[in-house]
Number of protein chains: 2
Amino acid sequence: MRFEVGKNPEGIRSGLLQTRRGNINTPAFMPVGTNATVKAMSPDELREIGAEIILSNTYHLYLRPGHETVKNLGGLHRFMNWQGPILTDSGGFQVYSLSALSDITEDGVHFRSHIDGSMHFLNPERAVEIQAALGSDIFMAFDECTPYPATYEYALNSLRRTTAWAKRCKEAHAKIYPEDAIPPAIFGIVQGGFHKDLRRQGAEGLMETGFDGYAAGGLSVGEPKGLMYEMINHTAPLLPEDRPRYLMGIGDLEDVIVSVEAGFDMFDCVMPTRNARNGTLFTSKGRVSIKRTEFKDDPGPLDPDCGCYTCRNYSRGYLRHLFLSREILSMRLNTMHNLYFYLEFFRQMRRSIKDGRFGGFKARWAEGINIPHTRLKS
Amino acid sequence: MRFEVGKNPEGIRSGLLQTRRGNINTPAFMPVGTNATVKAMSPDELREIGAEIILSNTYHLYLRPGHETVKNLGGLHRFMNWQGPILTDSGGFQVYSLSALSDITEDGVHFRSHIDGSMHFLNPERAVEIQAALGSDIFMAFDECTPYPATYEYALNSLRRTTAWAKRCKEAHAKIYPEDAIPPAIFGIVQGGFHKDLRRQGAEGLMETGFDGYAAGGLSVGEPKGLMYEMINHTAPLLPEDRPRYLMGIGDLEDVIVSVEAGFDMFDCVMPTRNARNGTLFTSKGRVSIKRTEFKDDPGPLDPDCGCYTCRNYSRGYLRHLFLSREILSMRLNTMHNLYFYLEFFRQMRRSIKDGRFGGFKARWAEGINIPHTRLKS
């Protein structure tokens with residue numbers, strides 16, 4: 001995996017990540033395809049709106065349909081008919097956030113399936129094995145997502161596990177892919193809670209092992225916004241300049257701007273897709289709840305400044321009707337719009353970086369758009 | 001509305017119905033778009049798979065979002081972004097089948113909304129007014145769907161109302177559309193329960209008034225299959241040769257073949273779309289439940305003989321996974337396939353009629369396809 005990255009005169013990073021399945025312009029947004037489908041979208045539609053990479057979930061696919069099944073069916077790309085790059089998380093987040101029970105040992109995590117209650121075990125080697133079976137283009141190391149709040153002692157122990165697990169992941173990955181092949185990439189994840197020296201320690205531990213890219217995890221887990229920003233600004237500079245930096249699960253566009261300024265390159269979030277299904281739509285004038293009574297007879301497009309399929313072809317009145325009638329097309333059109341809005345936001349942001357006017361872009365969005373601080377977890 | 005129709009050497013009808021919004025090859029299948037959307041499909045996809053006309057529901061759109069709202073938003077075509085012909089039913093079926101309460105008088109029907117319990121009133125004039133507000137291309141007269149079983153006396157009284165109401169619909173329609181305009185078409189509906197002389201009386205009453213097309217209603221309402229076929233075969237020849245004949249709500253393909261042979265030209269049914277959402281898929285080898293365990297690791301397409309988007313791009317294993325995960329894409333891909341299958345069935349049937357080999361087509365389907373007698377109501 002090659003990564004060309006540079007800073008503009010304002011000191012903002014932008015780059016091109018070249019994977020074995022296509023190029024990704026950074027800063028990049030990755031739509032979330034948990035169950036091997038970005039909810040409500042077809043792969044063709046994702047391509048049309050300009051998605052260059054998607055994220056899928058190891059935890060979910062391991063439980064259903066099972067990674068062996070995906071492998072038998074030709075790997076995740078063929079399975080879901082998406083030929084572009086796929087990043088898979090390691091399951092390290094979901095075993096805590098979704099499982100009714102999880103029991104952490106030094107070796108790995110025992111957990112209960114949220115689907116049928118059956119018991120399972122994930123550890124670094126298993127997480128790599130699963131991602132290899134899926135045929136992922138970017139593996140994530142298996143980590144423990146340190147909860148908030150956590151004592152210094154807990155965060156330290158947790159970080160030690162995460163660092164040791166990351167090393168085991170790298171070794172397992174190296175065993176599967178011999179040196180002469182073009183292997184999928186593997187990223188390490190910096191944890192450390194909200195303790196700055198632990199974040200530093202986490203970054204150094206990963207760099208010692210050496211990864212193709214570096215992610216920050218354990219943010220946006222319930223902490224105050226100011227603290228999150230502090231850790232984002234603290235963590236980015238700890239990571240190698242020449243490697244992609246991925247800020248996991250953060251996708252409020254206001255937060256994205258802060259994080260791009262801090263030096264992050266990659267983002268994922270269920271916010272655009274989940275909000276779409278709940279009838280909350282992003283527009284150039286702020287968020288809109290499509291069920292509002294005032295839209296009943298409104299013939300105008302959701303966002304007159306938007307070029308998406310939904311805005312080109314449907315009225316607010318129709319979108320409201322579909323939502324109130326709980327029609328599937330409502331989820332389709334809303335998702336199409338929100339993802340287009342997100343990808344267009346990233347396109348415009350990248351252009352502003354290349355043109356040396358990221359400051360202006362940031363100011364314009366701060367004025368024009370009003371994004372509440374609500375946040376959704378993937 | 002012009003209708004060119006002829007019989008092939010086997011005596012089977014096929015034709016071309018020319019409406020103000022496009023041509024419809026008959027025998028025709030009309031996908032059902034109850035709430036101003038064919039569930040899970042976009043209008044573009046409907047066009048791509050060859051739908052030439054869709055059906056939408058007066059009862060549903062009157063209750064939500066309201067016909068005045070649809071009118072304010074530019075009419076149903078603009079509202080839902082479908083530029084082809086739309087046939088609207090009159091609501092005469094749903095006020096009985098969906099409403100918790102309905103009270104029939106000589107003037108019309110009082111009924112309770114299935115959405116919020118509010119009381120409403122529909123009569124012939126109102127049903128025409130609503131369909132005019134929607135901007136329908138083919139209106140259906142307001143009728144009473146005679147239940148099964150019904151005594152001769154009940155069926156007779158019911159038929160008298162339906163006949164009188166049809167006349168009032170025609171008059172209301174004529175008042176709205178002056179003679180020099182190109183008006184939407186209006187079809188009458190033959191009722192009469194399962195009494196042959198009442199069916200004859202119903203047909204004669206409608207012909208006396210004069211309609212652009214004639215429909216048979218009140219079939220597939222719980223009667224034995226044999227009785228249904230008997231009434232289909234009895235009713236078709238009662239209707240004018242040169243006008244389109246529409247068999248309402250019948251769409252089991254086995255029944256369609258019988259009905260085309262009897263002389264019907266138009267069909268609608270929720271079967272392909274509803275079955276799709278329930279995971280029951282039509283194939284050239286019969287019906288398939290996509291959740292079957294044997295499909296878990298099956299890399300083959302649902303139907304190797306099918307050219308639809310779903311069969312060209314996805315495996316049985318993936319379709320099963322999406323269905324078990326209750327993903328929206330499951331409903332999309334399944335619906336796409338089932339509707340394509342239906343429209344392709346009708347295309348092949350029309351070709352066989354034009355080539356004088358409908359008998360062979362019928363024999364082939366009877367052999368190759370195994371369609372149980374389950375039936376779903378629209």
# chains A, B, ... in the order shown; residues from 1 in each chain; ligands from 1
call {"tool": "closest_atom_pairs", "arguments": {"of": "chain B", "to": "chain A", "cutoff": "10 Å", "atoms": "only C-alpha atoms", "output": "tab-separated table"}}
result
residue	atom	partner	partner_atom	distance
B:Asn35	CA	A:Ser325	CA	7.4
B:Ala36	CA	A:Leu322	CA	8.4
B:Thr37	CA	A:Leu329	CA	7.3
B:Val38	CA	A:Leu329	CA	8.5
B:Lys39	CA	A:Ile328	CA	6.3
B:Ala40	CA	A:Ile328	CA	5.0
B:Met41	CA	A:Leu329	CA	6.7
B:Ser42	CA	A:Leu329	CA	7.0
B:His60	CA	A:Ser325	CA	9.9
B:Leu61	CA	A:His321	CA	9.7
B:Arg64	CA	A:His321	CA	7.4
B:Pro65	CA	A:His321	CA	6.0
B:Gly66	CA	A:Lys296	CA	9.7
B:Glu68	CA	A:Asp297	CA	8.9
B:Thr69	CA	A:Asp297	CA	5.6
B:Val70	CA	A:Asp297	CA	7.9
B:Lys71	CA	A:Asp297	CA	9.1
B:Asn72	CA	A:Asp297	CA	6.3
B:Leu73	CA	A:Pro299	CA	5.3
B:Gly74	CA	A:Pro299	CA	7.9
B:Leu76	CA	A:Tyr318	CA	9.9
B:Arg78	CA	A:Tyr314	CA	8.1
B:Phe79	CA	A:Tyr318	CA	6.0
B:Met80	CA	A:Tyr318	CA	7.0
B:Asn81	CA	A:Asn313	CA	6.6
B:Ile115	CA	A:Ser325	CA	9.8
B:Lys296	CA	A:Thr69	CA	7.1
B:Asp297	CA	A:Thr69	CA	5.6
B:Asp298	CA	A:Leu73	CA	7.1
B:Pro299	CA	A:Leu73	CA	5.3
B:Gly300	CA	A:Leu73	CA	9.0
B:Asn313	CA	A:Asn81	CA	6.5
B:Tyr314	CA	A:Asn81	CA	6.9
B:Ser315	CA	A:Phe79	CA	7.2
B:Arg316	CA	A:Leu73	CA	9.5
B:Gly317	CA	A:Leu73	CA	7.2
B:Tyr318	CA	A:Phe79	CA	6.0
B:Leu319	CA	A:Phe79	CA	9.5
B:Arg320	CA	A:Pro65	CA	9.0
B:His321	CA	A:Pro65	CA	6.0
B:Leu322	CA	A:Asn35	CA	7.8
B:Leu324	CA	A:Arg64	CA	8.7
B:Ser325	CA	A:Asn35	CA	7.4
B:Arg326	CA	A:Asn35	CA	9.8
B:Glu327	CA	A:Lys39	CA	6.7
B:Ile328	CA	A:Ala40	CA	5.0
B:Leu329	CA	A:Ala40	CA	5.5
B:Ser330	CA	A:Ala40	CA	9.0
B:Met331	CA	A:Ile328	CA	8.4
B:Arg332	CA	A:Ala40	CA	8.2
B:Leu333	CA	A:Ser42	CA	9.0
call {"tool": "select_by_dssp", "arguments": {"residues": "region 69-138 of chain A", "states": "strand (DSSP E)", "output": "PyMOL selection string"}}
result
chain A and resi 86-89+102-104+109-112+119-122+138
call {"tool": "write_last_selection", "arguments": {"atoms": "N, CA and C atoms", "output": "PDB file, in the first residue's frame"}}
result
ATOM      1  N   ILE A  86     -11.943  -2.238   0.747  1.00  0.00           N
ATOM      2  CA  ILE A  86     -12.721  -2.426   1.976  1.00  0.00           C
ATOM      3  C   ILE A  86     -11.767  -2.436   3.165  1.00  0.00           C
ATOM      4  N   LEU A  87     -12.079  -1.640   4.140  1.00  0.00           N
ATOM      5  CA  LEU A  87     -11.389  -1.708   5.428  1.00  0.00           C
ATOM      6  C   LEU A  87     -12.285  -2.473   6.385  1.00  0.00           C
ATOM      7  N   THR A  88     -11.697  -3.416   7.108  1.00  0.00           N
ATOM      8  CA  THR A  88     -12.497  -4.140   8.105  1.00  0.00           C
ATOM      9  C   THR A  88     -11.999  -3.784   9.498  1.00  0.00           C
ATOM     10  N   ASP A  89     -12.932  -3.466  10.368  1.00  0.00           N
ATOM     11  CA  ASP A  89     -12.482  -3.283  11.746  1.00  0.00           C
ATOM     12  C   ASP A  89     -12.183  -4.666  12.325  1.00  0.00           C
ATOM     13  N   SER A 102     -18.784  -9.752  28.046  1.00  0.00           N
ATOM     14  CA  SER A 102     -17.462  -9.984  27.474  1.00  0.00           C
ATOM     15  C   SER A 102     -16.463 -10.132  28.610  1.00  0.00           C
ATOM     16  N   ASP A 103     -15.564 -11.068  28.455  1.00  0.00           N
ATOM     17  CA  ASP A 103     -14.614 -11.401  29.500  1.00  0.00           C
ATOM     18  C   ASP A 103     -13.217 -11.335  28.899  1.00  0.00           C
ATOM     19  N   ILE A 104     -12.455 -10.372  29.371  1.00  0.00           N
ATOM     20  CA  ILE A 104     -11.146 -10.098  28.777  1.00  0.00           C
ATOM     21  C   ILE A 104     -10.050 -10.853  29.521  1.00  0.00           C
ATOM     22  N   VAL A 109     -10.679 -12.208  24.099  1.00  0.00           N
ATOM     23  CA  VAL A 109     -11.963 -11.858  24.709  1.00  0.00           C
ATOM     24  C   VAL A 109     -13.005 -12.938  24.440  1.00  0.00           C
ATOM     25  N   HIS A 110     -13.574 -13.442  25.532  1.00  0.00           N
ATOM     26  CA  HIS A 110     -14.751 -14.299  25.411  1.00  0.00           C
ATOM     27  C   HIS A 110     -15.969 -13.389  25.406  1.00  0.00           C
ATOM     28  N   PHE A 111     -16.906 -13.663  24.495  1.00  0.00           N
ATOM     29  CA  PHE A 111     -18.089 -12.797  24.454  1.00  0.00           C
ATOM     30  C   PHE A 111     -19.297 -13.581  23.976  1.00  0.00           C
ATOM     31  N   ARG A 112     -20.448 -12.992  24.248  1.00  0.00           N
ATOM     32  CA  ARG A 112     -21.711 -13.620  23.906  1.00  0.00           C
ATOM     33  C   ARG A 112     -22.265 -12.925  22.666  1.00  0.00           C
ATOM     34  N   MET A 119     -21.637 -18.407  22.838  1.00  0.00           N
ATOM     35  CA  MET A 119     -20.356 -17.904  23.323  1.00  0.00           C
ATOM     36  C   MET A 119     -19.292 -18.011  22.228  1.00  0.00           C
ATOM     37  N   HIS A 120     -18.439 -16.998  22.159  1.00  0.00           N
ATOM     38  CA  HIS A 120     -17.375 -16.948  21.151  1.00  0.00           C
ATOM     39  C   HIS A 120     -16.105 -16.397  21.761  1.00  0.00           C
ATOM     40  N   PHE A 121     -15.024 -16.572  21.022  1.00  0.00           N
ATOM     41  CA  PHE A 121     -13.732 -16.096  21.488  1.00  0.00           C
ATOM     42  C   PHE A 121     -13.003 -15.396  20.339  1.00  0.00           C
ATOM     43  N   LEU A 122     -12.545 -14.211  20.589  1.00  0.00           N
ATOM     44  CA  LEU A 122     -11.717 -13.498  19.613  1.00  0.00           C
ATOM     45  C   LEU A 122     -10.391 -13.153  20.265  1.00  0.00           C
ATOM     46  N   ILE A 138      -7.736  -3.515   4.026  1.00  0.00           N
ATOM     47  CA  ILE A 138      -7.063  -2.900   5.175  1.00  0.00           C
ATOM     48  C   ILE A 138      -7.583  -3.571   6.446  1.00  0.00           C
TER      49      ILE A 138
END
call {"tool": "atom_distance", "arguments": {"atom1": "CA of Met231 (chain A)", "atom2": "CA of Glu4 (chain A)"}}
result
25.4 Å
call {"tool": "residues_around", "arguments": {"residues": "Ala366 (chain A)", "least_positions_apart": "5", "cutoff": "12 Å", "atoms": "only C-alpha atoms", "output": "VMD selection string"}}
result
chain A and resid 253 to 255 257 to 258 284 to 286 359 to 361 371 to 372
call {"tool": "write_last_selection", "arguments": {"atoms": "N, CA and C atoms", "output": "PDB file, in the first residue's frame"}}
result
ATOM      1  N   LEU A 253     -19.554  16.302  11.191  1.00  0.00           N
ATOM      2  CA  LEU A 253     -18.710  17.055  10.249  1.00  0.00           C
ATOM      3  C   LEU A 253     -17.913  18.162  10.937  1.00  0.00           C
ATOM      4  N   GLU A 254     -18.479  18.696  11.988  1.00  0.00           N
ATOM      5  CA  GLU A 254     -17.763  19.683  12.792  1.00  0.00           C
ATOM      6  C   GLU A 254     -16.499  19.045  13.387  1.00  0.00           C
ATOM      7  N   ASP A 255     -16.644  17.824  13.889  1.00  0.00           N
ATOM      8  CA  ASP A 255     -15.506  17.095  14.452  1.00  0.00           C
ATOM      9  C   ASP A 255     -14.504  16.722  13.371  1.00  0.00           C
ATOM     10  N   ILE A 257     -13.779  18.420  10.696  1.00  0.00           N
ATOM     11  CA  ILE A 257     -12.962  19.598  10.374  1.00  0.00           C
ATOM     12  C   ILE A 257     -11.846  19.774  11.407  1.00  0.00           C
ATOM     13  N   VAL A 258     -12.209  19.661  12.672  1.00  0.00           N
ATOM     14  CA  VAL A 258     -11.208  19.762  13.743  1.00  0.00           C
ATOM     15  C   VAL A 258     -10.136  18.688  13.567  1.00  0.00           C
ATOM     16  N   SER A 284     -27.243  22.015   3.360  1.00  0.00           N
ATOM     17  CA  SER A 284     -26.296  23.137   3.432  1.00  0.00           C
ATOM     18  C   SER A 284     -26.763  24.193   4.418  1.00  0.00           C
ATOM     19  N   LYS A 285     -28.016  24.086   4.870  1.00  0.00           N
ATOM     20  CA  LYS A 285     -28.524  25.028   5.863  1.00  0.00           C
ATOM     21  C   LYS A 285     -28.650  24.390   7.251  1.00  0.00           C
ATOM     22  N   GLY A 286     -28.135  23.202   7.405  1.00  0.00           N
ATOM     23  CA  GLY A 286     -28.218  22.517   8.695  1.00  0.00           C
ATOM     24  C   GLY A 286     -29.051  21.254   8.614  1.00  0.00           C
ATOM     25  N   GLY A 359      -8.917  27.146   5.560  1.00  0.00           N
ATOM     26  CA  GLY A 359      -9.407  28.081   6.578  1.00  0.00           C
ATOM     27  C   GLY A 359     -10.746  28.682   6.174  1.00  0.00           C
ATOM     28  N   GLY A 360     -10.847  29.035   4.905  1.00  0.00           N
ATOM     29  CA  GLY A 360     -12.099  29.607   4.399  1.00  0.00           C
ATOM     30  C   GLY A 360     -13.208  28.565   4.402  1.00  0.00           C
ATOM     31  N   PHE A 361     -12.871  27.348   4.010  1.00  0.00           N
ATOM     32  CA  PHE A 361     -13.837  26.244   4.008  1.00  0.00           C
ATOM     33  C   PHE A 361     -14.396  26.041   5.417  1.00  0.00           C
ATOM     34  N   ILE A 371     -24.617  21.911  13.078  1.00  0.00           N
ATOM     35  CA  ILE A 371     -24.683  20.489  13.390  1.00  0.00           C
ATOM     36  C   ILE A 371     -24.645  20.292  14.899  1.00  0.00           C
ATOM     37  N   PRO A 372     -25.732  19.834  15.470  1.00  0.00           N
ATOM     38  CA  PRO A 372     -25.750  19.600  16.919  1.00  0.00           C
ATOM     39  C   PRO A 372     -24.716  18.557  17.305  1.00  0.00           C
TER      40      PRO A 372
END
call {"tool": "residues_around", "arguments": {"residues": "Phe142 (chain A)", "least_positions_apart": "2", "cutoff": "8 Å", "atoms": "only C-alpha atoms", "output": "count of residues only"}}
result
13
call {"tool": "select_by_dssp", "arguments": {"residues": "region 10-114 of chain B", "states": "alpha helix (DSSP H)", "output": "list in words"}}
result
Pro43, Asp44, Glu45, Leu46, Arg47, Glu48, Thr58, Tyr59, His60, Leu61, Tyr62, Leu63, His67, Glu68, Thr69, Val70, Lys71, Asn72, Gly75, Leu76, His77, Arg78, Phe79, Met80, Gln94, Val95, Tyr96 and Ser97 of chain B
call {"tool": "write_last_selection", "arguments": {"atoms": "N, CA and C atoms", "output": "mmCIF file, in the first residue's frame"}}
result
data_model
loop_
_atom_site.group_PDB
_atom_site.id
_atom_site.type_symbol
_atom_site.label_atom_id
_atom_site.label_comp_id
_atom_site.auth_asym_id
_atom_site.auth_seq_id
_atom_site.Cartn_x
_atom_site.Cartn_y
_atom_site.Cartn_z
ATOM 1 N N PRO B 43 -38.433 4.501 -9.322
ATOM 2 C CA PRO B 43 -39.097 4.567 -10.631
ATOM 3 C C PRO B 43 -38.129 4.231 -11.774
ATOM 4 N N ASP B 44 -36.877 4.612 -11.643
ATOM 5 C CA ASP B 44 -35.884 4.294 -12.680
ATOM 6 C C ASP B 44 -35.739 2.788 -12.829
ATOM 7 N N GLU B 45 -35.697 2.108 -11.705
ATOM 8 C CA GLU B 45 -35.569 0.651 -11.760
ATOM 9 C C GLU B 45 -36.801 0.015 -12.404
ATOM 10 N N LEU B 46 -37.970 0.566 -12.111
ATOM 11 C CA LEU B 46 -39.193 0.046 -12.726
ATOM 12 C C LEU B 46 -39.125 0.179 -14.245
ATOM 13 N N ARG B 47 -38.666 1.349 -14.694
ATOM 14 C CA ARG B 47 -38.517 1.558 -16.139
ATOM 15 C C ARG B 47 -37.517 0.553 -16.712
ATOM 16 N N GLU B 48 -36.393 0.399 -16.025
ATOM 17 C CA GLU B 48 -35.342 -0.493 -16.527
ATOM 18 C C GLU B 48 -35.828 -1.926 -16.712
ATOM 19 N N THR B 58 -56.151 4.795 -4.478
ATOM 20 C CA THR B 58 -56.945 5.961 -4.097
ATOM 21 C C THR B 58 -57.181 6.005 -2.598
ATOM 22 N N TYR B 59 -57.584 4.871 -2.034
ATOM 23 C CA TYR B 59 -57.878 4.811 -0.601
ATOM 24 C C TYR B 59 -56.671 5.259 0.218
ATOM 25 N N HIS B 60 -55.504 4.698 -0.062
ATOM 26 C CA HIS B 60 -54.311 5.018 0.718
ATOM 27 C C HIS B 60 -53.887 6.472 0.539
ATOM 28 N N LEU B 61 -53.879 6.941 -0.701
ATOM 29 C CA LEU B 61 -53.388 8.298 -0.950
ATOM 30 C C LEU B 61 -54.372 9.354 -0.468
ATOM 31 N N TYR B 62 -55.657 9.003 -0.484
ATOM 32 C CA TYR B 62 -56.660 9.909 0.075
ATOM 33 C C TYR B 62 -56.408 10.102 1.571
ATOM 34 N N LEU B 63 -56.116 9.000 2.272
ATOM 35 C CA LEU B 63 -55.874 9.092 3.716
ATOM 36 C C LEU B 63 -54.507 9.696 4.019
ATOM 37 N N HIS B 67 -55.251 13.614 -1.108
ATOM 38 C CA HIS B 67 -55.181 13.880 -2.547
ATOM 39 C C HIS B 67 -54.899 15.345 -2.852
ATOM 40 N N GLU B 68 -55.332 16.246 -1.945
ATOM 41 C CA GLU B 68 -55.077 17.670 -2.181
ATOM 42 C C GLU B 68 -53.575 17.954 -2.107
ATOM 43 N N THR B 69 -52.919 17.261 -1.192
ATOM 44 C CA THR B 69 -51.466 17.418 -1.079
ATOM 45 C C THR B 69 -50.767 16.923 -2.342
ATOM 46 N N VAL B 70 -51.190 15.762 -2.812
ATOM 47 C CA VAL B 70 -50.592 15.243 -4.051
ATOM 48 C C VAL B 70 -50.821 16.230 -5.193
ATOM 49 N N LYS B 71 -52.037 16.787 -5.235
ATOM 50 C CA LYS B 71 -52.352 17.766 -6.285
ATOM 51 C C LYS B 71 -51.445 19.003 -6.149
ATOM 52 N N ASN B 72 -51.311 19.486 -4.923
ATOM 53 C CA ASN B 72 -50.454 20.651 -4.690
ATOM 54 C C ASN B 72 -49.007 20.403 -5.100
ATOM 55 N N GLY B 75 -49.354 16.603 -8.770
ATOM 56 C CA GLY B 75 -49.996 15.365 -9.228
ATOM 57 C C GLY B 75 -49.126 14.158 -8.934
ATOM 58 N N LEU B 76 -49.745 12.999 -9.050
ATOM 59 C CA LEU B 76 -49.092 11.756 -8.630
ATOM 60 C C LEU B 76 -47.816 11.454 -9.425
ATOM 61 N N HIS B 77 -47.837 11.749 -10.727
ATOM 62 C CA HIS B 77 -46.652 11.432 -11.547
ATOM 63 C C HIS B 77 -45.432 12.214 -11.077
ATOM 64 N N ARG B 78 -45.633 13.501 -10.892
ATOM 65 C CA ARG B 78 -44.524 14.326 -10.441
ATOM 66 C C ARG B 78 -44.141 13.972 -9.004
ATOM 67 N N PHE B 79 -45.164 13.764 -8.178
ATOM 68 C CA PHE B 79 -44.981 13.425 -6.766
ATOM 69 C C PHE B 79 -44.032 12.240 -6.612
ATOM 70 N N MET B 80 -44.325 11.182 -7.369
ATOM 71 C CA MET B 80 -43.534 9.958 -7.198
ATOM 72 C C MET B 80 -42.455 9.784 -8.264
ATOM 73 N N GLN B 94 -60.549 -1.391 -0.767
ATOM 74 C CA GLN B 94 -59.903 -1.177 0.531
ATOM 75 C C GLN B 94 -60.857 -0.713 1.632
ATOM 76 N N VAL B 95 -61.922 0.035 1.274
ATOM 77 C CA VAL B 95 -62.826 0.474 2.340
ATOM 78 C C VAL B 95 -63.456 -0.717 3.051
ATOM 79 N N TYR B 96 -63.510 -1.856 2.358
ATOM 80 C CA TYR B 96 -64.026 -3.050 3.044
ATOM 81 C C TYR B 96 -62.902 -3.881 3.639
ATOM 82 N N SER B 97 -61.819 -4.031 2.876
ATOM 83 C CA SER B 97 -60.787 -4.977 3.308
ATOM 84 C C SER B 97 -59.869 -4.409 4.379
#
call {"tool": "residues_around", "arguments": {"residues": "Ile186 (chain A)", "least_positions_apart": "3", "cutoff": "7 Å", "atoms": "only C-alpha atoms", "output": "compact mmCIF listing (two decimals) with N, CA and C atoms, in the first residue's frame"}}
result
# COMPACT_ATOMS: atom_id res chain seq x y z
N ILE A 138 -7.74 -3.51 4.03
CA ILE A 138 -7.06 -2.90 5.18
C ILE A 138 -7.58 -3.57 6.45
N PHE A 139 -6.69 -4.32 7.09
CA PHE A 139 -7.02 -4.98 8.36
C PHE A 139 -6.85 -3.97 9.49
N MET A 140 -7.62 -4.12 10.54
CA MET A 140 -7.37 -3.37 11.77
C MET A 140 -6.90 -4.36 12.83
N ALA A 141 -5.90 -3.94 13.61
CA ALA A 141 -5.41 -4.77 14.70
C ALA A 141 -6.51 -4.91 15.75
N PHE A 211 3.38 -0.41 11.40
CA PHE A 211 2.12 -0.69 10.69
C PHE A 211 2.03 0.14 9.41
N ASP A 212 1.11 -0.30 8.54
CA ASP A 212 0.91 0.45 7.29
C ASP A 212 0.16 1.75 7.52
N GLY A 213 -0.58 1.80 8.61
CA GLY A 213 -1.33 2.99 8.95
C GLY A 213 -1.64 2.95 10.43
call {"tool": "residues_around", "arguments": {"residues": "Val288 (chain A)", "least_positions_apart": "3", "cutoff": "12 Å", "atoms": "only C-alpha atoms", "output": "JSON, numbers by chain"}}
result
{"A": [275, 276, 278, 279, 280, 281, 282, 283, 284, 285, 291, 292, 293, 294, 295, 302, 303, 316, 319, 320, 334, 338, 369, 370, 371, 372]}
call {"tool": "atom_distance", "arguments": {"atom1": "CA of Asp197 (chain A)", "atom2": "CA of Met248 (chain A)"}}
result
19.9 Å
call {"tool": "residues_around", "arguments": {"residues": "Lys225 (chain B)", "least_positions_apart": "2", "cutoff": "12 Å", "atoms": "only C-alpha atoms", "output": "list in words"}}
result
Leu219, Ser220, Val221, Gly222, Glu223, Leu227, Met228, Tyr229, Glu230, Met231, Ile232, Ile250, Asp252, Glu254, Asp255, Val258, Pro372, His373, Thr374 and Arg375 of chain B
call {"tool": "write_last_selection", "arguments": {"atoms": "N, CA and C atoms", "output": "short mmCIF file (atom, residue, chain, number, x, y, z; two decimals), in the first residue's frame"}}
result
data_model
loop_
_atom_site.label_atom_id
_atom_site.label_comp_id
_atom_site.auth_asym_id
_atom_site.auth_seq_id
_atom_site.Cartn_x
_atom_site.Cartn_y
_atom_site.Cartn_z
N LEU B 219 -63.21 -11.14 -7.42
CA LEU B 219 -62.71 -12.51 -7.59
C LEU B 219 -61.46 -12.68 -6.73
N SER B 220 -61.12 -13.93 -6.44
CA SER B 220 -60.00 -14.21 -5.54
C SER B 220 -60.25 -13.58 -4.17
N VAL B 221 -61.47 -13.80 -3.68
CA VAL B 221 -61.85 -13.25 -2.38
C VAL B 221 -62.15 -14.37 -1.38
N GLY B 222 -61.55 -15.55 -1.64
CA GLY B 222 -61.73 -16.65 -0.70
C GLY B 222 -62.45 -17.85 -1.29
N GLU B 223 -62.93 -17.70 -2.52
CA GLU B 223 -63.66 -18.81 -3.17
C GLU B 223 -62.69 -19.91 -3.61
N LEU B 227 -64.06 -22.42 -8.81
CA LEU B 227 -65.16 -21.45 -8.93
C LEU B 227 -64.63 -20.14 -9.51
N MET B 228 -63.45 -19.77 -9.07
CA MET B 228 -62.84 -18.54 -9.60
C MET B 228 -62.63 -18.68 -11.11
N TYR B 229 -62.06 -19.80 -11.52
CA TYR B 229 -61.83 -20.02 -12.95
C TYR B 229 -63.14 -20.00 -13.73
N GLU B 230 -64.17 -20.60 -13.15
CA GLU B 230 -65.46 -20.64 -13.81
C GLU B 230 -65.97 -19.22 -14.07
N MET B 231 -65.84 -18.36 -13.05
CA MET B 231 -66.33 -16.99 -13.19
C MET B 231 -65.46 -16.18 -14.14
N ILE B 232 -64.16 -16.46 -14.15
CA ILE B 232 -63.26 -15.77 -15.09
C ILE B 232 -63.66 -16.12 -16.51
N ILE B 250 -55.61 -10.19 -9.48
CA ILE B 250 -55.22 -11.59 -9.71
C ILE B 250 -53.86 -11.61 -10.39
N ASP B 252 -51.39 -14.63 -9.56
CA ASP B 252 -50.74 -15.93 -9.57
C ASP B 252 -50.56 -16.28 -11.05
N GLU B 254 -50.17 -18.87 -12.78
CA GLU B 254 -51.03 -19.94 -13.25
C GLU B 254 -52.43 -19.38 -13.58
N ASP B 255 -52.91 -18.52 -12.69
CA ASP B 255 -54.22 -17.90 -12.90
C ASP B 255 -54.18 -16.92 -14.06
N VAL B 258 -54.65 -18.79 -17.33
CA VAL B 258 -56.06 -19.14 -17.50
C VAL B 258 -56.85 -17.91 -17.93
N PRO B 372 -47.65 -22.75 -6.11
CA PRO B 372 -48.73 -23.16 -5.21
C PRO B 372 -49.91 -22.20 -5.31
N HIS B 373 -50.99 -22.60 -4.75
CA HIS B 373 -52.21 -21.82 -4.92
C HIS B 373 -52.41 -20.76 -3.86
N THR B 374 -51.38 -20.48 -3.13
CA THR B 374 -51.46 -19.40 -2.15
C THR B 374 -51.79 -18.12 -2.88
N ARG B 375 -52.49 -17.24 -2.27
CA ARG B 375 -52.86 -15.99 -2.94
C ARG B 375 -52.82 -14.86 -1.93
#
